[in-house]
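Pasting coords-v8.pdb here (PDB, C-alpha atoms and all ligand atoms):
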MODEL        1
ATOM      1  CA  MET A  30     -16.439   0.460  -9.749  1.00  0.00           C
ATOM      2  CA  MET A  31     -16.022  -2.177  -7.029  1.00  0.00           C
ATOM      3  CA  LYS A  32     -13.308  -3.811  -9.092  1.00  0.00           C
ATOM      4  CA  LEU A  33     -11.294  -0.591  -8.919  1.00  0.00           C
ATOM      5  CA  LEU A  34     -11.528  -0.631  -5.144  1.00  0.00           C
ATOM      6  CA  THR A  35     -10.680  -4.303  -4.624  1.00  0.00           C
ATOM      7  CA  PRO A  36      -7.109  -5.274  -3.707  1.00  0.00           C
ATOM      8  CA  ASP A  37      -5.486  -8.396  -5.164  1.00  0.00           C
ATOM      9  CA  LEU A  38      -4.238  -9.337  -1.708  1.00  0.00           C
ATOM     10  CA  HIS A  39      -5.343  -8.347   1.774  1.00  0.00           C
ATOM     11  CA  VAL A  40      -3.088  -8.902   4.804  1.00  0.00           C
ATOM     12  CA  ASP A  41      -3.014  -7.711   8.413  1.00  0.00           C
ATOM     13  CA  SER A  42       0.452  -6.186   8.242  1.00  0.00           C
ATOM     14  CA  VAL A  43       3.368  -5.891   5.826  1.00  0.00           C
ATOM     15  CA  LEU A  44       5.204  -8.228   8.188  1.00  0.00           C
ATOM     16  CA  ASP A  45       2.633 -10.942   7.401  1.00  0.00           C
ATOM     17  CA  LEU A  46       3.075 -10.617   3.669  1.00  0.00           C
ATOM     18  CA  ASP A  47       4.090 -13.883   2.021  1.00  0.00           C
ATOM     19  CA  LEU A  48       6.968 -12.678  -0.144  1.00  0.00           C
ATOM     20  CA  GLU A  49       7.178 -15.987  -1.974  1.00  0.00           C
ATOM     21  CA  LYS A  50       3.564 -15.563  -3.028  1.00  0.00           C
ATOM     22  CA  VAL A  51       4.352 -12.039  -4.222  1.00  0.00           C
ATOM     23  CA  LYS A  52       7.325 -13.335  -6.193  1.00  0.00           C
ATOM     24  CA  ALA A  53       5.162 -16.088  -7.659  1.00  0.00           C
ATOM     25  CA  ASN A  54       3.043 -13.303  -9.179  1.00  0.00           C
ATOM     26  CA  ASN A  55       6.154 -12.146 -11.055  1.00  0.00           C
ATOM     27  CA  ILE A  56       6.467  -9.017  -8.888  1.00  0.00           C
ATOM     28  CA  LYS A  57       9.898  -7.423  -8.959  1.00  0.00           C
ATOM     29  CA  GLY A  58       9.177  -3.912  -7.684  1.00  0.00           C
ATOM     30  CA  LEU A  59       7.286  -2.798  -4.593  1.00  0.00           C
ATOM     31  CA  ILE A  60       5.752   0.652  -4.231  1.00  0.00           C
ATOM     32  CA  ILE A  61       5.134   1.089  -0.518  1.00  0.00           C
ATOM     33  CA  ASP A  62       3.022   3.654   1.307  1.00  0.00           C
ATOM     34  CA  ILE A  63       4.398   5.037   4.582  1.00  0.00           C
ATOM     35  CA  ASP A  64       1.673   6.393   6.873  1.00  0.00           C
ATOM     36  CA  ASN A  65      -0.238   3.653   8.668  1.00  0.00           C
ATOM     37  CA  THR A  66       1.275   1.059   6.338  1.00  0.00           C
ATOM     38  CA  LEU A  67       4.841   1.051   7.682  1.00  0.00           C
ATOM     39  CA  VAL A  68       4.414   3.256  10.728  1.00  0.00           C
ATOM     40  CA  SER A  69       1.682   4.907  12.742  1.00  0.00           C
ATOM     41  CA  TRP A  70       0.811   8.331  11.426  1.00  0.00           C
ATOM     42  CA  GLU A  71       2.082  10.014  14.616  1.00  0.00           C
ATOM     43  CA  LEU A  72       5.510   8.341  14.783  1.00  0.00           C
ATOM     44  CA  LYS A  73       8.575   9.570  12.929  1.00  0.00           C
ATOM     45  CA  TYR A  74      10.355   6.285  12.415  1.00  0.00           C
ATOM     46  CA  ALA A  75       9.470   2.692  11.683  1.00  0.00           C
ATOM     47  CA  SER A  76      10.025   0.011  14.328  1.00  0.00           C
ATOM     48  CA  GLU A  77      13.261  -1.979  14.180  1.00  0.00           C
ATOM     49  CA  LYS A  78      11.283  -4.959  12.944  1.00  0.00           C
ATOM     50  CA  THR A  79       9.747  -2.976  10.076  1.00  0.00           C
ATOM     51  CA  LYS A  80      13.086  -1.399   9.171  1.00  0.00           C
ATOM     52  CA  GLU A  81      14.624  -4.840   9.020  1.00  0.00           C
ATOM     53  CA  TRP A  82      11.734  -6.070   6.865  1.00  0.00           C
ATOM     54  CA  LEU A  83      12.183  -3.145   4.470  1.00  0.00           C
ATOM     55  CA  LEU A  84      15.919  -3.533   4.074  1.00  0.00           C
ATOM     56  CA  ASN A  85      15.539  -7.264   3.653  1.00  0.00           C
ATOM     57  CA  LEU A  86      13.306  -6.710   0.615  1.00  0.00           C
ATOM     58  CA  GLU A  87      16.222  -5.461  -1.440  1.00  0.00           C
ATOM     59  CA  LYS A  88      18.402  -8.343  -0.233  1.00  0.00           C
ATOM     60  CA  THR A  89      15.779 -10.810  -1.437  1.00  0.00           C
ATOM     61  CA  GLY A  90      15.753  -9.257  -4.875  1.00  0.00           C
ATOM     62  CA  PHE A  91      12.904  -6.727  -4.820  1.00  0.00           C
ATOM     63  CA  LYS A  92      13.234  -3.132  -5.937  1.00  0.00           C
ATOM     64  CA  VAL A  93      11.553  -0.784  -3.491  1.00  0.00           C
ATOM     65  CA  CYS A  94      10.208   2.764  -3.707  1.00  0.00           C
ATOM     66  CA  LEU A  95       8.359   4.555  -0.913  1.00  0.00           C
ATOM     67  CA  VAL A  96       5.467   6.621  -2.238  1.00  0.00           C
ATOM     68  CA  SER A  97       3.667   8.885   0.213  1.00  0.00           C
ATOM     69  CA  ASN A  98       1.110  11.651  -0.025  1.00  0.00           C
ATOM     70  CA  ASN A  99       2.723  13.269   2.999  1.00  0.00           C
ATOM     71  CA  THR A 100       5.214  16.168   3.040  1.00  0.00           C
ATOM     72  CA  GLU A 101       8.888  16.146   2.081  1.00  0.00           C
ATOM     73  CA  ASP A 102       9.833  16.643   5.758  1.00  0.00           C
ATOM     74  CA  ARG A 103       7.886  13.587   6.856  1.00  0.00           C
ATOM     75  CA  VAL A 104       9.243  11.351   4.121  1.00  0.00           C
ATOM     76  CA  VAL A 105      12.877  12.488   4.391  1.00  0.00           C
ATOM     77  CA  THR A 106      12.887  12.020   8.177  1.00  0.00           C
ATOM     78  CA  PHE A 107      11.259   8.582   7.932  1.00  0.00           C
ATOM     79  CA  ASN A 108      13.781   7.585   5.274  1.00  0.00           C
ATOM     80  CA  GLU A 109      16.882   8.975   7.082  1.00  0.00           C
ATOM     81  CA  GLU A 110      18.255   5.589   8.060  1.00  0.00           C
ATOM     82  CA  LEU A 111      16.622   3.502   5.361  1.00  0.00           C
ATOM     83  CA  LYS A 112      17.865   5.537   2.405  1.00  0.00           C
ATOM     84  CA  LEU A 113      15.354   3.979   0.024  1.00  0.00           C
ATOM     85  CA  PRO A 114      14.122   5.680  -3.143  1.00  0.00           C
ATOM     86  CA  ALA A 115      11.168   7.793  -2.018  1.00  0.00           C
ATOM     87  CA  ILE A 116       8.540  10.119  -3.450  1.00  0.00           C
ATOM     88  CA  HIS A 117       6.683  12.633  -1.282  1.00  0.00           C
ATOM     89  CA  ARG A 118       3.461  14.551  -2.021  1.00  0.00           C
ATOM     90  CA  ALA A 119       2.516  11.746  -4.396  1.00  0.00           C
ATOM     91  CA  ALA A 120      -1.111  12.860  -4.823  1.00  0.00           C
ATOM     92  CA  LYS A 121      -2.382   9.263  -4.875  1.00  0.00           C
ATOM     93  CA  PRO A 122      -4.754   8.028  -6.346  1.00  0.00           C
ATOM     94  CA  ARG A 123      -3.355  10.061  -9.213  1.00  0.00           C
ATOM     95  CA  ILE A 124      -0.950   7.859 -11.109  1.00  0.00           C
ATOM     96  CA  GLY A 125       1.977  10.210 -11.813  1.00  0.00           C
ATOM     97  CA  ALA A 126       3.973   9.178  -8.751  1.00  0.00           C
ATOM     98  CA  PHE A 127       3.458   5.470  -9.487  1.00  0.00           C
ATOM     99  CA  LYS A 128       4.857   5.964 -12.983  1.00  0.00           C
ATOM    100  CA  LYS A 129       7.824   7.816 -11.537  1.00  0.00           C
ATOM    101  CA  ALA A 130       8.388   5.067  -8.964  1.00  0.00           C
ATOM    102  CA  MET A 131       8.413   2.390 -11.677  1.00  0.00           C
ATOM    103  CA  GLU A 132      10.891   4.468 -13.655  1.00  0.00           C
ATOM    104  CA  ILE A 133      13.166   4.643 -10.610  1.00  0.00           C
ATOM    105  CA  MET A 134      12.863   0.890  -9.994  1.00  0.00           C
ATOM    106  CA  GLY A 135      13.099  -0.046 -13.666  1.00  0.00           C
ATOM    107  CA  THR A 136       9.893  -2.061 -13.459  1.00  0.00           C
ATOM    108  CA  GLU A 137       6.656  -2.179 -15.440  1.00  0.00           C
ATOM    109  CA  VAL A 138       2.965  -2.274 -14.661  1.00  0.00           C
ATOM    110  CA  THR A 139       3.053  -6.056 -15.048  1.00  0.00           C
ATOM    111  CA  ASN A 140       5.776  -6.710 -12.459  1.00  0.00           C
ATOM    112  CA  THR A 141       5.094  -4.050  -9.844  1.00  0.00           C
ATOM    113  CA  ALA A 142       2.924  -4.167  -6.727  1.00  0.00           C
ATOM    114  CA  ILE A 143       1.557  -1.403  -4.532  1.00  0.00           C
ATOM    115  CA  ILE A 144       1.322  -1.920  -0.793  1.00  0.00           C
ATOM    116  CA  GLY A 145      -0.830   0.479   1.205  1.00  0.00           C
ATOM    117  CA  ASP A 146      -3.510   0.864   3.840  1.00  0.00           C
ATOM    118  CA  GLN A 147      -6.041   2.971   1.953  1.00  0.00           C
ATOM    119  CA  ILE A 148      -8.551   1.818  -0.606  1.00  0.00           C
ATOM    120  CA  PHE A 149      -9.125   5.292  -2.013  1.00  0.00           C
ATOM    121  CA  THR A 150      -5.485   6.174  -2.576  1.00  0.00           C
ATOM    122  CA  ASP A 151      -3.258   3.076  -2.744  1.00  0.00           C
ATOM    123  CA  VAL A 152      -5.670   0.472  -4.108  1.00  0.00           C
ATOM    124  CA  LEU A 153      -7.655   2.771  -6.383  1.00  0.00           C
ATOM    125  CA  GLY A 154      -4.479   4.353  -7.785  1.00  0.00           C
ATOM    126  CA  GLY A 155      -2.905   0.956  -8.415  1.00  0.00           C
ATOM    127  CA  ASN A 156      -5.979  -0.585  -9.975  1.00  0.00           C
ATOM    128  CA  ARG A 157      -6.367   2.391 -12.278  1.00  0.00           C
ATOM    129  CA  MET A 158      -3.017   1.365 -13.762  1.00  0.00           C
ATOM    130  CA  ASN A 159      -3.642  -2.382 -13.504  1.00  0.00           C
ATOM    131  CA  ILE A 160      -0.878  -2.778 -10.961  1.00  0.00           C
ATOM    132  CA  PHE A 161      -1.049  -5.626  -8.427  1.00  0.00           C
ATOM    133  CA  THR A 162      -2.452  -4.139  -5.189  1.00  0.00           C
ATOM    134  CA  ILE A 163      -1.903  -5.269  -1.617  1.00  0.00           C
ATOM    135  CA  LEU A 164      -4.027  -3.767   1.146  1.00  0.00           C
ATOM    136  CA  VAL A 165      -2.849  -3.856   4.754  1.00  0.00           C
ATOM    137  CA  VAL A 166      -4.856  -3.122   7.868  1.00  0.00           C
ATOM    138  CA  PRO A 167      -3.927   0.416   8.941  1.00  0.00           C
ATOM    139  CA  ILE A 168      -1.588   0.687  11.919  1.00  0.00           C
ATOM    140  CA  ALA A 169      -3.636   2.331  14.620  1.00  0.00           C
ATOM    141  CA  GLY A 170      -2.906   5.896  15.547  1.00  0.00           C
ATOM    142  CA  LYS A 171      -4.415   9.306  15.981  1.00  0.00           C
ATOM    143  CA  GLU A 172      -5.402  10.652  12.622  1.00  0.00           C
ATOM    144  CA  PHE A 173      -6.859  13.652  10.881  1.00  0.00           C
ATOM    145  CA  TRP A 174     -10.638  13.771  11.062  1.00  0.00           C
ATOM    146  CA  TRP A 175     -10.701  13.475   7.292  1.00  0.00           C
ATOM    147  CA  THR A 176      -8.804  10.206   7.292  1.00  0.00           C
ATOM    148  CA  THR A 177     -11.042   8.953  10.073  1.00  0.00           C
ATOM    149  CA  PHE A 178     -14.066   9.750   7.966  1.00  0.00           C
ATOM    150  CA  VAL A 179     -12.587   8.098   4.872  1.00  0.00           C
ATOM    151  CA  ARG A 180     -11.799   5.024   6.974  1.00  0.00           C
ATOM    152  CA  LYS A 181     -15.432   4.636   7.922  1.00  0.00           C
ATOM    153  CA  VAL A 182     -16.456   4.738   4.289  1.00  0.00           C
ATOM    154  CA  GLU A 183     -13.634   2.325   3.463  1.00  0.00           C
ATOM    155  CA  ARG A 184     -14.758  -0.182   6.059  1.00  0.00           C
ATOM    156  CA  HIS A 185     -18.188  -0.136   4.515  1.00  0.00           C
ATOM    157  CA  VAL A 186     -16.826  -0.520   0.979  1.00  0.00           C
ATOM    158  CA  LEU A 187     -14.523  -3.313   2.084  1.00  0.00           C
ATOM    159  CA  ARG A 188     -17.438  -5.216   3.602  1.00  0.00           C
ATOM    160  CA  VAL A 189     -19.368  -4.897   0.361  1.00  0.00           C
ATOM    161  CA  VAL A 190     -16.346  -5.820  -1.739  1.00  0.00           C
ATOM    162  CA  LEU A 191     -15.477  -8.877   0.352  1.00  0.00           C
ATOM    163  CA  LYS A 192     -19.076 -10.038   0.222  1.00  0.00           C
ATOM    164  CA  ASP A 193     -18.987  -9.624  -3.562  1.00  0.00           C
ATOM    165  CA  HIS A 194     -15.755 -11.553  -3.690  1.00  0.00           C
ATOM    166  CA  LYS A 195     -17.177 -14.462  -1.738  1.00  0.00           C
ATOM    167  CA  GLY A 196     -20.153 -14.501  -4.071  1.00  0.00           C
ATOM    168  CA  GLU A 197     -17.897 -14.644  -7.098  1.00  0.00           C
ATOM    169  CA  LYS A 198     -15.921 -17.521  -5.674  1.00  0.00           C
ATOM    170  CA  THR A 199     -19.033 -19.483  -4.808  1.00  0.00           C
ATOM    171  CA  ASN A 200     -20.351 -19.024  -8.319  1.00  0.00           C
ATOM    172  CA  ALA A 201     -17.027 -20.087  -9.793  1.00  0.00           C
ATOM    173  CA  ASN A 202     -17.037 -23.221  -7.671  1.00  0.00           C
ATOM    174  CA  ARG A 203     -20.461 -24.135  -8.892  1.00  0.00           C
ATOM    175  CA  ARG A 204     -19.390 -24.036 -12.498  1.00  0.00           C
TER     176      ARG A 204
HETATM  177 MG    MG B 301      -1.333   5.318   4.289  1.00  0.00          MG
ENDMDL
END
Show me, as structure tokens, the structure contained in the file I just sent.
Amino acid sequence: MMKLLTPDLHVDSVLDLDLEKVKANNIKGLIIDIDNTLVSWELKYASEKTKEWLLNLEKTGFKVCLVSNNTEDRVVTFNEELKLPAIHRAAKPRIGAFKKAMEIMGTEVTNTAIIGDQIFTDVLGGNRMNIFTILVVPIAGKEFWWTTFVRKVERHVLRVVLKDHKGEKTNANRR
């Protein structure tokens, strides 16, 4: 169970992501969540810095597809300037939208990564398919009470998972 909830990488922000490291894992396609991964839940558009980061991904050879559980309105507005492939109402952690995204990008499970801020949608969905998962710290913002509740559970799970992880590493080192 914990394995399903553990990301392969954990970074503070997409902007901190080491793209060379991602490439070194043979990743060619990036499925990216929108809300609280690229922009605060309450803002319509990404910051200039984030927009630049997103558009630069394609220049550096990655395929990109935005995959959000939010509405068509939200996703289309966010994507107005970016014009990236995008899927709304993705119903993550169900895997249908991830399959569709890989079809759009022409990538496979083995060379795709999912970037998102939620363990129970982005990471769980990705791990269910054995896709490389990258968890980011959620961008702060006012949220639905439900998300706030899920966050609290997530923080707890993350603590447990990270503790587990450390344990594993220590054991490995001993061998
Ligand atoms: Mg999100």
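Here the question is which of A:Asp64, A:Met134, A:Ile124, A:Asp102 gets nearest to ligand MG 301 (chain B) using only C-alpha atoms and all ligand atoms, and that residue is A:Asp64.
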Can you pull out every residue within 12 Å of Asp37 in chain A, counting all atoms listed in the file, but drop anything in the same chain fewer than 2 positions away, and send it as an mmCIF file with C-alpha atoms, keeping the file's coordinate frame?
data_model
loop_
_atom_site.group_PDB
_atom_site.id
_atom_site.type_symbol
_atom_site.label_atom_id
_atom_site.label_comp_id
_atom_site.auth_asym_id
_atom_site.auth_seq_id
_atom_site.Cartn_x
_atom_site.Cartn_y
_atom_site.Cartn_z
ATOM 1 C CA LYS A 32 -13.308 -3.811 -9.092
ATOM 2 C CA LEU A 33 -11.294 -0.591 -8.919
ATOM 3 C CA LEU A 34 -11.528 -0.631 -5.144
ATOM 4 C CA THR A 35 -10.680 -4.303 -4.624
ATOM 5 C CA HIS A 39 -5.343 -8.347 1.774
ATOM 6 C CA VAL A 40 -3.088 -8.902 4.804
ATOM 7 C CA LYS A 50 3.564 -15.563 -3.028
ATOM 8 C CA VAL A 51 4.352 -12.039 -4.222
ATOM 9 C CA ASN A 54 3.043 -13.303 -9.179
ATOM 10 C CA ALA A 142 2.924 -4.167 -6.727
ATOM 11 C CA ILE A 143 1.557 -1.403 -4.532
ATOM 12 C CA ILE A 144 1.322 -1.920 -0.793
ATOM 13 C CA GLY A 145 -0.830 0.479 1.205
ATOM 14 C CA ILE A 148 -8.551 1.818 -0.606
ATOM 15 C CA ASP A 151 -3.258 3.076 -2.744
ATOM 16 C CA VAL A 152 -5.670 0.472 -4.108
ATOM 17 C CA LEU A 153 -7.655 2.771 -6.383
ATOM 18 C CA GLY A 155 -2.905 0.956 -8.415
ATOM 19 C CA ASN A 156 -5.979 -0.585 -9.975
ATOM 20 C CA ASN A 159 -3.642 -2.382 -13.504
ATOM 21 C CA ILE A 160 -0.878 -2.778 -10.961
ATOM 22 C CA PHE A 161 -1.049 -5.626 -8.427
ATOM 23 C CA THR A 162 -2.452 -4.139 -5.189
ATOM 24 C CA ILE A 163 -1.903 -5.269 -1.617
ATOM 25 C CA LEU A 164 -4.027 -3.767 1.146
ATOM 26 C CA VAL A 165 -2.849 -3.856 4.754
ATOM 27 C CA VAL A 190 -16.346 -5.820 -1.739
ATOM 28 C CA LEU A 191 -15.477 -8.877 0.352
ATOM 29 C CA HIS A 194 -15.755 -11.553 -3.690
#
Figure out the distance between CA of Ala120 in chain A and CA of Thr150 in chain A, please, to one decimal in Å.
8.3 Å
Convert the output of the PyMOL selection byres (((chain A and resi 76) around 12) and not hetatm) on the shown file into explicit residues, formatted as a ChimeraX atom specification.
/A:44,66-69,72-75,77-83,107,110-111,168
Spatial neighbours of Leu84 in chain A, max dist 10 Å, all atoms listed in the file, sep filter under 6 positions, as a list in words:
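Skipping anything fewer than 6 positions along the chain leaves Phe91, Val93, Leu111, Lys112 and Leu113 of chain A.
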Expected file: the selected residues, C-alpha atoms, as a short mmCIF file (atom, residue, chain, number, x, y, z; two decimals), keeping the file's coordinate frame:
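Listing of out.cif after writing:
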data_model
loop_
_atom_site.label_atom_id
_atom_site.label_comp_id
_atom_site.auth_asym_id
_atom_site.auth_seq_id
_atom_site.Cartn_x
_atom_site.Cartn_y
_atom_site.Cartn_z
CA PHE A 91 12.90 -6.73 -4.82
CA VAL A 93 11.55 -0.78 -3.49
CA LEU A 111 16.62 3.50 5.36
CA LYS A 112 17.86 5.54 2.40
CA LEU A 113 15.35 3.98 0.02
#
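Atom to atom, CA of Met131 in chain A and CA of Val104 in chain A stand 18.2 Å apart.
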Suppose you want the space between CA of Ala130 in chain A and CA of Val182 in chain A; what is it in Å?
28.2 Å
Nearest residue to ligand MG 301 (chain B) from the set A:Thr141, A:Asn99, A:Asn55, A:Thr136 (distances using only C-alpha atoms and all ligand atoms):
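Going through A:Thr141, A:Asn99, A:Asn55, A:Thr136 one by one, the smallest distance to ligand MG 301 (chain B) is for A:Asn99.
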